[in-house]
file structure26.txt (compact mmCIF, C-alpha atoms)
# COMPACT_ATOMS: atom_id res chain seq x y z
CA MET A 1430 -8.43 2.90 -20.64
CA SER A 1431 -10.63 0.54 -18.62
CA SER A 1432 -12.20 2.40 -15.69
CA THR A 1433 -15.43 0.42 -15.25
CA PHE A 1434 -15.92 -2.65 -13.07
CA GLY A 1435 -18.97 -4.93 -12.94
CA THR A 1436 -21.78 -6.09 -15.21
CA TYR A 1437 -24.99 -5.58 -13.25
CA PHE A 1438 -23.62 -3.27 -10.55
CA ARG A 1439 -21.32 -1.09 -12.66
CA VAL A 1440 -18.79 1.28 -11.14
CA SER A 1441 -16.80 3.77 -13.20
CA THR A 1442 -14.13 5.70 -11.32
CA PHE A 1443 -12.63 9.02 -12.42
CA GLY A 1444 -9.87 11.41 -11.43
CA GLU A 1445 -6.12 11.59 -10.93
CA SER A 1446 -4.04 12.07 -7.79
CA HIS A 1447 -3.59 15.84 -8.18
CA CYS A 1448 -6.57 16.92 -10.30
CA LYS A 1449 -9.53 18.86 -8.86
CA ALA A 1450 -11.57 15.84 -7.74
CA VAL A 1451 -11.97 12.08 -7.81
CA GLY A 1452 -15.06 9.91 -7.56
CA ALA A 1453 -17.30 7.37 -9.22
CA ILE A 1454 -20.50 6.77 -11.12
CA VAL A 1455 -22.50 3.79 -9.83
CA ASP A 1456 -25.01 2.36 -12.31
CA GLY A 1457 -27.28 -0.55 -11.46
CA CYS A 1458 -27.92 0.09 -7.78
CA PRO A 1459 -31.43 -1.17 -6.96
CA PRO A 1460 -34.01 1.50 -6.08
CA ARG A 1461 -35.42 2.33 -2.63
CA LEU A 1462 -32.17 1.76 -0.72
CA GLU A 1463 -31.82 4.30 2.09
CA LEU A 1464 -28.61 6.14 1.26
CA THR A 1465 -26.89 9.33 2.39
CA GLU A 1466 -23.29 10.48 2.60
CA ALA A 1467 -23.21 9.18 6.19
CA ASP A 1468 -23.42 5.61 4.84
CA ILE A 1469 -20.31 6.14 2.70
CA GLN A 1470 -18.05 8.42 4.74
CA PRO A 1471 -16.89 5.92 7.42
CA GLN A 1472 -15.09 3.71 4.88
CA LEU A 1473 -13.55 6.75 3.20
CA ASP A 1474 -12.29 7.91 6.59
CA ARG A 1475 -10.58 4.54 7.07
CA ARG A 1476 -8.93 4.84 3.63
CA ARG A 1477 -7.87 8.51 3.71
CA PRO A 1478 -4.26 9.70 4.00
CA GLY A 1479 -2.81 11.42 7.05
CA GLN A 1480 -4.36 8.97 9.52
CA SER A 1481 -1.26 8.20 11.56
CA LYS A 1482 2.53 8.18 11.74
CA VAL A 1483 2.69 5.06 9.55
CA ASN A 1484 1.05 6.81 6.60
CA THR A 1485 1.66 9.71 4.22
CA PRO A 1486 1.27 13.14 5.86
CA ARG A 1487 -0.90 14.37 2.97
CA GLN A 1488 -4.02 15.86 4.57
CA GLU A 1489 -7.31 15.16 2.82
CA SER A 1490 -10.72 15.00 4.48
CA ASP A 1491 -12.00 12.92 1.53
CA THR A 1492 -15.52 14.21 2.13
CA VAL A 1493 -17.99 12.64 -0.27
CA THR A 1494 -20.96 14.34 -1.90
CA ILE A 1495 -23.78 12.40 -3.59
CA LEU A 1496 -24.52 14.34 -6.79
CA SER A 1497 -27.32 12.23 -8.26
CA GLY A 1498 -29.31 9.02 -8.04
CA THR A 1499 -31.11 9.68 -4.74
CA GLU A 1500 -34.15 11.63 -3.59
CA ASN A 1501 -35.28 12.12 -0.01
CA GLY A 1502 -32.56 9.72 1.11
CA LEU A 1503 -33.62 6.84 -1.18
CA THR A 1504 -31.90 5.51 -4.29
CA LEU A 1505 -33.89 5.96 -7.50
CA GLY A 1506 -32.35 3.13 -9.53
CA THR A 1507 -30.61 5.76 -11.66
CA PRO A 1508 -26.85 6.43 -11.81
CA ILE A 1509 -25.38 7.60 -8.51
CA GLY A 1510 -22.72 10.29 -8.83
CA LEU A 1511 -20.10 10.39 -6.08
CA TYR A 1512 -17.72 13.36 -5.80
CA VAL A 1513 -14.67 13.86 -3.55
CA PRO A 1514 -12.53 17.01 -4.00
CA ASN A 1515 -8.73 16.96 -3.89
CA LYS A 1516 -7.80 19.77 -1.52
CA ASP A 1517 -4.18 19.17 -0.51
CA GLN A 1518 -2.70 19.14 -4.02
CA ARG A 1519 1.02 19.71 -4.51
CA PRO A 1520 1.85 18.82 -8.13
CA GLY A 1521 5.00 20.93 -7.83
CA ASP A 1522 6.50 18.22 -5.61
CA TYR A 1523 6.89 16.08 -8.73
CA LYS A 1524 8.47 18.64 -11.07
CA THR A 1525 11.99 17.31 -10.58
CA MET A 1526 10.79 13.80 -11.45
CA SER A 1527 9.07 14.70 -14.72
CA ASP A 1528 12.00 13.45 -16.82
CA VAL A 1529 12.82 10.39 -14.73
CA PRO A 1530 10.45 7.40 -14.45
CA ARG A 1531 10.30 6.26 -10.85
CA PRO A 1532 11.59 2.68 -10.36
CA SER A 1533 8.76 0.10 -10.15
CA HIS A 1534 6.14 2.83 -10.66
CA ALA A 1535 3.78 3.30 -13.61
CA ASP A 1536 5.49 6.39 -15.06
CA TYR A 1537 7.34 4.52 -17.82
CA THR A 1538 4.54 2.16 -18.89
CA TYR A 1539 1.86 4.89 -19.00
CA GLN A 1540 4.14 7.13 -21.06
CA MET A 1541 4.95 4.34 -23.52
CA LYS A 1542 1.32 3.22 -23.85
CA TYR A 1543 -0.43 6.60 -24.15
CA GLY A 1544 2.36 8.97 -25.21
CA ILE A 1545 1.37 11.18 -22.29
CA ARG A 1546 0.83 10.80 -18.58
CA ALA A 1547 -0.19 12.70 -15.47
CA SER A 1548 3.32 13.56 -14.30
CA SER A 1549 2.32 14.46 -10.73
CA GLY A 1550 1.63 11.71 -8.22
CA GLY A 1551 1.04 8.84 -10.62
CA GLY A 1552 -2.29 9.99 -12.07
CA ARG A 1553 -4.70 7.07 -12.46
CA SER A 1554 -2.15 4.64 -11.03
CA SER A 1555 -2.21 6.54 -7.73
CA ALA A 1556 -4.09 5.16 -4.73
CA ARG A 1557 -6.27 8.31 -4.92
CA GLU A 1558 -8.17 6.49 -7.67
CA THR A 1559 -9.41 3.97 -5.09
CA ILE A 1560 -11.61 6.61 -3.42
CA GLY A 1561 -14.29 5.93 -6.04
CA ARG A 1562 -14.06 2.19 -5.42
CA VAL A 1563 -14.43 2.60 -1.65
CA ALA A 1564 -17.39 4.96 -1.98
CA ALA A 1565 -19.15 2.60 -4.38
CA GLY A 1566 -18.25 -0.41 -2.27
CA ALA A 1567 -19.89 1.17 0.78
CA ILE A 1568 -23.16 1.34 -1.16
CA ALA A 1569 -22.88 -2.28 -2.27
CA GLU A 1570 -21.98 -3.40 1.23
CA LYS A 1571 -25.03 -1.74 2.77
CA TRP A 1572 -27.35 -3.44 0.27
CA LEU A 1573 -25.68 -6.84 0.84
CA ARG A 1574 -25.93 -6.45 4.60
CA ILE A 1575 -29.63 -5.52 4.52
CA HIS A 1576 -30.73 -8.18 2.04
CA HIS A 1577 -28.41 -11.08 2.89
CA GLY A 1578 -26.74 -10.24 6.20
CA ILE A 1579 -23.32 -10.46 4.51
CA GLU A 1580 -20.38 -9.35 6.67
CA ILE A 1581 -17.02 -8.37 5.15
CA VAL A 1582 -13.98 -7.84 7.38
CA ALA A 1583 -10.36 -7.40 6.29
CA TRP A 1584 -7.23 -6.91 8.37
CA VAL A 1585 -3.45 -6.72 8.11
CA SER A 1586 -2.03 -10.18 8.73
CA THR A 1587 1.58 -9.55 7.63
CA VAL A 1588 4.00 -6.64 7.39
CA ALA A 1589 7.36 -7.55 5.85
CA SER A 1590 8.38 -10.74 7.71
CA ILE A 1591 6.09 -10.12 10.70
CA THR A 1592 2.99 -12.34 10.60
CA ALA A 1593 0.13 -12.42 13.08
CA PRO A 1594 -1.13 -15.72 14.54
CA GLU A 1595 -4.22 -17.21 12.88
CA ILE A 1596 -7.28 -15.01 13.44
CA ASP A 1597 -10.74 -16.51 14.10
CA LEU A 1598 -12.56 -15.96 10.80
CA ASP A 1599 -15.97 -16.40 12.42
CA CYS A 1600 -15.51 -13.74 15.08
CA VAL A 1601 -13.10 -11.00 13.96
CA THR A 1602 -14.74 -7.56 13.71
CA ARG A 1603 -13.82 -4.20 12.23
CA THR A 1604 -13.83 -2.74 15.73
CA GLU A 1605 -11.05 -5.14 16.70
CA VAL A 1606 -9.19 -4.45 13.45
CA ASP A 1607 -9.29 -0.68 14.01
CA GLU A 1608 -7.94 -0.85 17.57
CA THR A 1609 -4.43 -0.20 16.23
CA ILE A 1610 -3.19 2.16 13.52
CA ILE A 1611 -1.74 -0.74 11.53
CA ARG A 1612 -5.13 -2.57 11.54
CA CYS A 1613 -3.86 -5.89 12.83
CA PRO A 1614 -6.29 -7.38 15.41
CA HIS A 1615 -3.51 -9.21 17.27
CA LEU A 1616 -2.16 -6.43 19.49
CA PRO A 1617 1.34 -7.78 20.28
CA THR A 1618 1.99 -8.36 16.58
CA ALA A 1619 0.54 -4.95 15.72
CA GLU A 1620 3.10 -3.26 17.96
CA ARG A 1621 5.95 -5.05 16.18
CA MET A 1622 4.49 -4.08 12.80
CA ILE A 1623 4.22 -0.42 13.76
CA ALA A 1624 7.82 -0.39 14.97
CA ALA A 1625 9.00 -1.95 11.69
CA VAL A 1626 7.10 0.58 9.55
CA SER A 1627 8.41 3.46 11.68
CA GLU A 1628 11.95 2.21 11.22
CA ALA A 1629 11.48 1.95 7.44
CA ARG A 1630 10.04 5.48 7.34
CA ASP A 1631 13.02 6.88 9.24
CA ALA A 1632 15.34 5.11 6.79
CA GLN A 1633 13.40 6.67 3.87
CA ASP A 1634 12.37 3.19 2.80
CA SER A 1635 9.09 1.24 2.55
CA LEU A 1636 7.55 -2.13 3.47
CA GLY A 1637 4.92 -4.41 1.99
CA GLY A 1638 2.48 -6.79 3.60
CA ILE A 1639 -0.59 -9.01 3.32
CA VAL A 1640 -4.26 -8.16 3.84
CA THR A 1641 -6.55 -11.06 4.74
CA CYS A 1642 -10.30 -10.78 4.16
CA VAL A 1643 -13.32 -12.87 5.19
CA CYS A 1644 -16.83 -12.62 3.76
CA ARG A 1645 -19.37 -14.26 6.05
CA LYS A 1646 -23.01 -15.31 5.42
CA VAL A 1647 -22.54 -15.37 1.64
CA PRO A 1648 -25.43 -17.35 0.10
CA VAL A 1649 -24.86 -20.49 -1.94
CA GLY A 1650 -24.84 -20.13 -5.72
CA LEU A 1651 -22.88 -16.96 -6.51
CA GLY A 1652 -20.42 -17.06 -9.40
CA GLU A 1653 -20.67 -17.59 -13.16
CA PRO A 1654 -18.60 -20.54 -14.45
CA VAL A 1655 -16.55 -20.98 -16.43
CA PHE A 1656 -14.82 -17.64 -17.09
CA GLU A 1657 -16.60 -15.58 -14.42
CA LYS A 1658 -15.99 -17.90 -11.49
CA LEU A 1659 -16.38 -16.17 -8.16
CA GLU A 1660 -12.75 -16.63 -7.19
CA ALA A 1661 -11.67 -15.40 -10.63
CA ARG A 1662 -13.68 -12.20 -10.19
CA LEU A 1663 -12.28 -11.73 -6.70
CA ALA A 1664 -8.76 -12.20 -8.03
CA GLN A 1665 -9.36 -9.66 -10.80
CA ALA A 1666 -10.82 -7.19 -8.32
CA MET A 1667 -7.99 -7.51 -5.83
CA LEU A 1668 -5.19 -7.46 -8.39
CA SER A 1669 -6.67 -4.28 -9.89
CA ILE A 1670 -5.90 -2.47 -6.63
CA PRO A 1671 -2.67 -0.42 -6.90
CA ALA A 1672 0.48 -2.12 -5.53
CA THR A 1673 -1.05 -5.62 -5.30
CA LYS A 1674 1.18 -8.50 -6.40
CA GLY A 1675 -0.53 -11.69 -5.27
CA PHE A 1676 -3.90 -13.32 -4.51
CA GLU A 1677 -4.80 -16.65 -2.97
CA ILE A 1678 -8.11 -18.02 -1.77
CA GLY A 1679 -8.74 -20.70 0.84
CA SER A 1680 -5.69 -22.92 1.29
CA GLY A 1681 -4.05 -21.07 -1.60
CA PHE A 1682 -0.53 -22.10 -2.51
CA GLY A 1683 -0.38 -24.14 0.68
CA CYS A 1684 -2.68 -26.74 -0.88
CA VAL A 1685 0.25 -28.31 -2.74
CA ALA A 1686 1.70 -29.60 0.54
CA LEU A 1687 -1.45 -31.62 1.37
CA PRO A 1688 -2.72 -34.89 -0.12
CA GLY A 1689 -6.30 -34.91 -1.37
CA SER A 1690 -7.38 -37.06 1.57
CA ARG A 1691 -6.52 -34.18 3.92
CA HIS A 1692 -7.38 -31.26 1.64
CA ASN A 1693 -10.93 -32.31 0.71
CA ASP A 1694 -13.82 -30.60 2.53
CA PRO A 1695 -16.29 -33.35 3.62
CA PHE A 1696 -19.96 -32.40 3.68
CA VAL A 1697 -21.98 -32.33 6.91
CA LYS A 1698 -25.50 -31.25 7.83
CA LYS A 1699 -25.58 -27.69 9.18
CA GLY A 1700 -29.10 -26.81 10.23
CA ASP A 1701 -31.30 -26.88 7.14
CA ARG A 1702 -28.45 -27.09 4.61
CA LEU A 1703 -25.34 -28.97 3.74
CA GLY A 1704 -22.05 -27.44 4.80
CA THR A 1705 -18.45 -28.55 4.98
CA ARG A 1706 -16.51 -29.77 8.00
CA THR A 1707 -13.35 -27.98 6.85
CA ASN A 1708 -12.98 -25.02 4.52
CA PHE A 1709 -9.80 -25.43 2.50
CA SER A 1710 -11.92 -24.35 -0.51
CA GLY A 1711 -12.29 -20.87 0.96
CA GLY A 1712 -16.05 -20.88 0.46
CA VAL A 1713 -15.93 -21.44 -3.31
CA GLN A 1714 -16.19 -24.74 -5.21
CA GLY A 1715 -16.41 -25.00 -8.98
CA GLY A 1716 -16.34 -21.22 -9.14
CA ILE A 1717 -19.59 -20.99 -7.12
CA SER A 1718 -20.05 -19.97 -3.46
CA ASN A 1719 -20.93 -22.97 -1.26
CA GLY A 1720 -22.32 -21.14 1.77
CA GLU A 1721 -19.15 -21.29 3.86
CA ALA A 1722 -17.11 -18.22 4.73
CA ILE A 1723 -15.13 -16.90 1.77
CA TYR A 1724 -11.61 -15.97 2.79
CA PHE A 1725 -8.60 -14.85 0.79
CA ARG A 1726 -5.29 -13.01 1.06
CA VAL A 1727 -3.86 -10.16 -0.97
CA ALA A 1728 -0.12 -9.42 -1.17
CA ILE A 1729 0.81 -5.75 -1.38
CA LYS A 1730 4.30 -4.64 -2.40
CA PRO A 1731 6.40 -1.98 -0.67
CA PRO A 1732 5.38 1.46 -2.02
CA ALA A 1733 7.50 2.21 -5.07
CA THR A 1734 8.11 5.89 -4.38
CA ILE A 1735 10.67 6.37 -1.61
CA ALA A 1736 12.72 9.37 -0.53
CA GLN A 1737 15.95 7.37 -0.53
CA ALA A 1738 18.30 8.17 -3.42
CA GLN A 1739 18.10 5.53 -6.19
CA ARG A 1740 20.36 4.99 -9.17
CA THR A 1741 18.18 4.76 -12.29
CA ALA A 1742 17.82 6.30 -15.78
CA SER A 1743 15.88 9.15 -17.37
CA PHE A 1744 13.38 8.66 -20.19
CA GLU A 1745 16.28 9.42 -22.54
CA GLY A 1746 18.28 6.54 -21.08
CA GLU A 1747 20.82 8.69 -19.26
CA GLU A 1748 21.97 7.34 -15.90
CA THR A 1749 20.92 9.54 -13.01
CA ILE A 1750 20.18 9.61 -9.29
CA LEU A 1751 16.52 9.99 -8.34
CA GLU A 1752 15.66 11.53 -4.98
CA ALA A 1753 11.88 11.59 -4.90
CA LYS A 1754 10.10 14.47 -3.22
CA GLY A 1755 6.48 14.57 -2.13
CA ARG A 1756 4.51 12.80 0.59
CA HIS A 1757 4.42 9.03 0.45
CA ASP A 1758 3.35 6.08 2.58
CA PRO A 1759 6.14 3.96 4.08
CA CYS A 1760 3.57 1.11 4.06
CA VAL A 1761 0.07 1.07 2.61
CA VAL A 1762 -1.40 -2.15 3.99
CA ASN A 1763 -3.49 -0.51 6.72
CA ARG A 1764 -5.07 1.90 4.23
CA ALA A 1765 -5.64 -1.00 1.84
CA VAL A 1766 -7.96 -2.75 4.32
CA PRO A 1767 -11.14 -0.78 3.39
CA ILE A 1768 -10.19 -0.96 -0.30
CA VAL A 1769 -10.04 -4.77 -0.16
CA GLU A 1770 -13.38 -4.85 1.69
CA SER A 1771 -14.94 -2.52 -0.88
CA MET A 1772 -13.75 -4.52 -3.90
CA ALA A 1773 -15.07 -7.71 -2.27
CA ALA A 1774 -18.43 -6.00 -1.81
CA LEU A 1775 -18.51 -4.94 -5.48
CA VAL A 1776 -17.80 -8.51 -6.61
CA LEU A 1777 -20.46 -10.02 -4.35
CA MET A 1778 -23.02 -7.35 -5.27
CA ASP A 1779 -22.52 -8.00 -8.98
CA ALA A 1780 -22.77 -11.77 -8.40
CA VAL A 1781 -25.99 -11.45 -6.37
CA LEU A 1782 -27.62 -9.30 -9.05
CA ALA A 1783 -26.49 -11.76 -11.75
CA GLN A 1784 -28.17 -14.59 -9.84
CA ARG A 1785 -31.34 -12.52 -9.38
CA ALA A 1786 -31.38 -11.71 -13.09
CA ARG A 1787 -31.77 -15.38 -13.99
CA GLY A 1788 -34.48 -15.85 -11.37
CA GLY A 1789 -32.22 -17.75 -8.98
CA ASN A 1790 -32.65 -17.80 -5.22

call {"tool": "encode", "arguments": {"input": "structure26.txt", "output": "structure tokens"}}
result
Amino acid sequence: MSSTFGTYFRVSTFGESHCKAVGAIVDGCPPRLELTEADIQPQLDRRRPGQSKVNTPRQESDTVTILSGTENGLTLGTPIGLYVPNKDQRPGDYKTMSDVPRPSHADYTYQMKYGIRASSGGGRSSARETIGRVAAGAIAEKWLRIHHGIEIVAWVSTVASITAPEIDLDCVTRTEVDETIIRCPHLPTAERMIAAVSEARDAQDSLGGIVTCVCRKVPVGLGEPVFEKLEARLAQAMLSIPATKGFEIGSGFGCVALPGSRHNDPFVKKGDRLGTRTNFSGGVQGGISNGEAIYFRVAIKPPATIAQAQRTASFEGEETILEAKGRHDPCVVNRAVPIVESMAALVLMDAVLAQRARGGN
């Protein structure tokens, strides 16, 4: 199983949804970075379950403990151990589903691949696994902010068929994003989204959506063509998040509707550097960051586990009716916001260290 991400800034996550704990080992963090649990906890609080009526009622504080890699509040350059206990475990909720793979979940594929699986809560395919990513991403983000001034902000731009108007990529802040429980910075749209998710929850159903992310003040030159292009690493990172089904950067699939004369990004002088007048490229050209804001969108499917009765089949192929028990999100896009930000931070951190390793600026 592949549980490690990154080359220079390496993150290995561990734990299942209903085991004793989850977390991560971070290897490659530069030394002398001021770091305590207080630097990590805010992003974990944004990701945790039980936040609001539009999320699972599972109650977890998701309190992180740094086990190693720091002394007197400074990183040592050695592996950083991050530990978060699972306290509100209820594996018994999944007993009745042990013989029936949940539709569109990972039960069937894990069982076929490994001959065994964590039968409660999805195991490694559960969103609980992302706690390690978010904790590690908070470390990367702090280093990127201190050394390059990089700002990463994600928000919910779509829930089901409800889409917010275009948000100003240069100005949107996390404070604005967090003003509503759905994490959409356009308040009228947020209210409609919340109503739609509440309706789906009451109908024992679920909804998907889109998370948009912008990375500002990214230096020129990040990315390793040809197979480690920056957008390719971002796509891999985002599509590794549970429940993601699509990724597009810059103009994305919309580029096919434009002729080259309109889609090209002409260069202009911006202070002491060249920049582009438009940004259909999404801040990446030739697989390398060009100094403009990097922006992309991630499509997230409706949560697979729903309480509504579904006609399906057991592992033995016998037709049956599955009525899933347990505590599940009717929509996960608002909790995915800090996960998307964290994975973006891990990609950029790895790319910065790769550039430093070759002696680049």

call {"tool": "axis_aligned_box", "arguments": {"input": "structure26.txt", "around": "stretch 1552-1571 of chain A", "padding_each_side": "8 Å", "output": "lines of an AutoDock Vina configuration file"}}
result
center_x = -13.6
center_y = 3.3
center_z = -4.8
size_x = 38.9
size_y = 29.4
size_z = 31.2

call {"tool": "residues_around", "arguments": {"input": "structure26.txt", "residues": "A:Lys1658", "least_positions_apart": "5", "cutoff": "12 Å", "atoms": "only C-alpha atoms", "output": "list in words"}}
result
Gly1650, Leu1651, Gly1652, Glu1653, Leu1663, Ala1664, Gln1665, Val1713, Gln1714, Gly1715, Gly1716, Ile1717, Ser1718, Val1776, Leu1777 and Ala1780 of chain A

call {"tool": "closest_residue", "arguments": {"input": "structure26.txt", "among": "A:Gln1784, A:Met1430, A:Ala1564, A:Asn1719", "to": "A:Lys1542", "atoms": "all atoms listed in the file"}}
result
A:Met1430

call {"tool": "atom_distance", "arguments": {"input": "structure26.txt", "atom1": "atom CA of A:Ala1569", "atom2": "atom CA of A:Ala1556"}}
result
20.4 Å

call {"tool": "closest_residue", "arguments": {"input": "structure26.txt", "among": "A:Arg1612, A:His1692, A:Arg1785, A:Lys1698", "to": "A:Val1761", "atoms": "all atoms listed in the file"}}
result
A:Arg1612

call {"tool": "atom_distance", "arguments": {"input": "structure26.txt", "atom1": "atom CA of A:Gly1561", "atom2": "atom CA of A:Ala1453"}}
result
4.6 Å

call {"tool": "atom_distance", "arguments": {"input": "structure26.txt", "atom1": "atom CA of A:Ile1591", "atom2": "atom CA of A:Ile1678"}}
result
20.5 Å
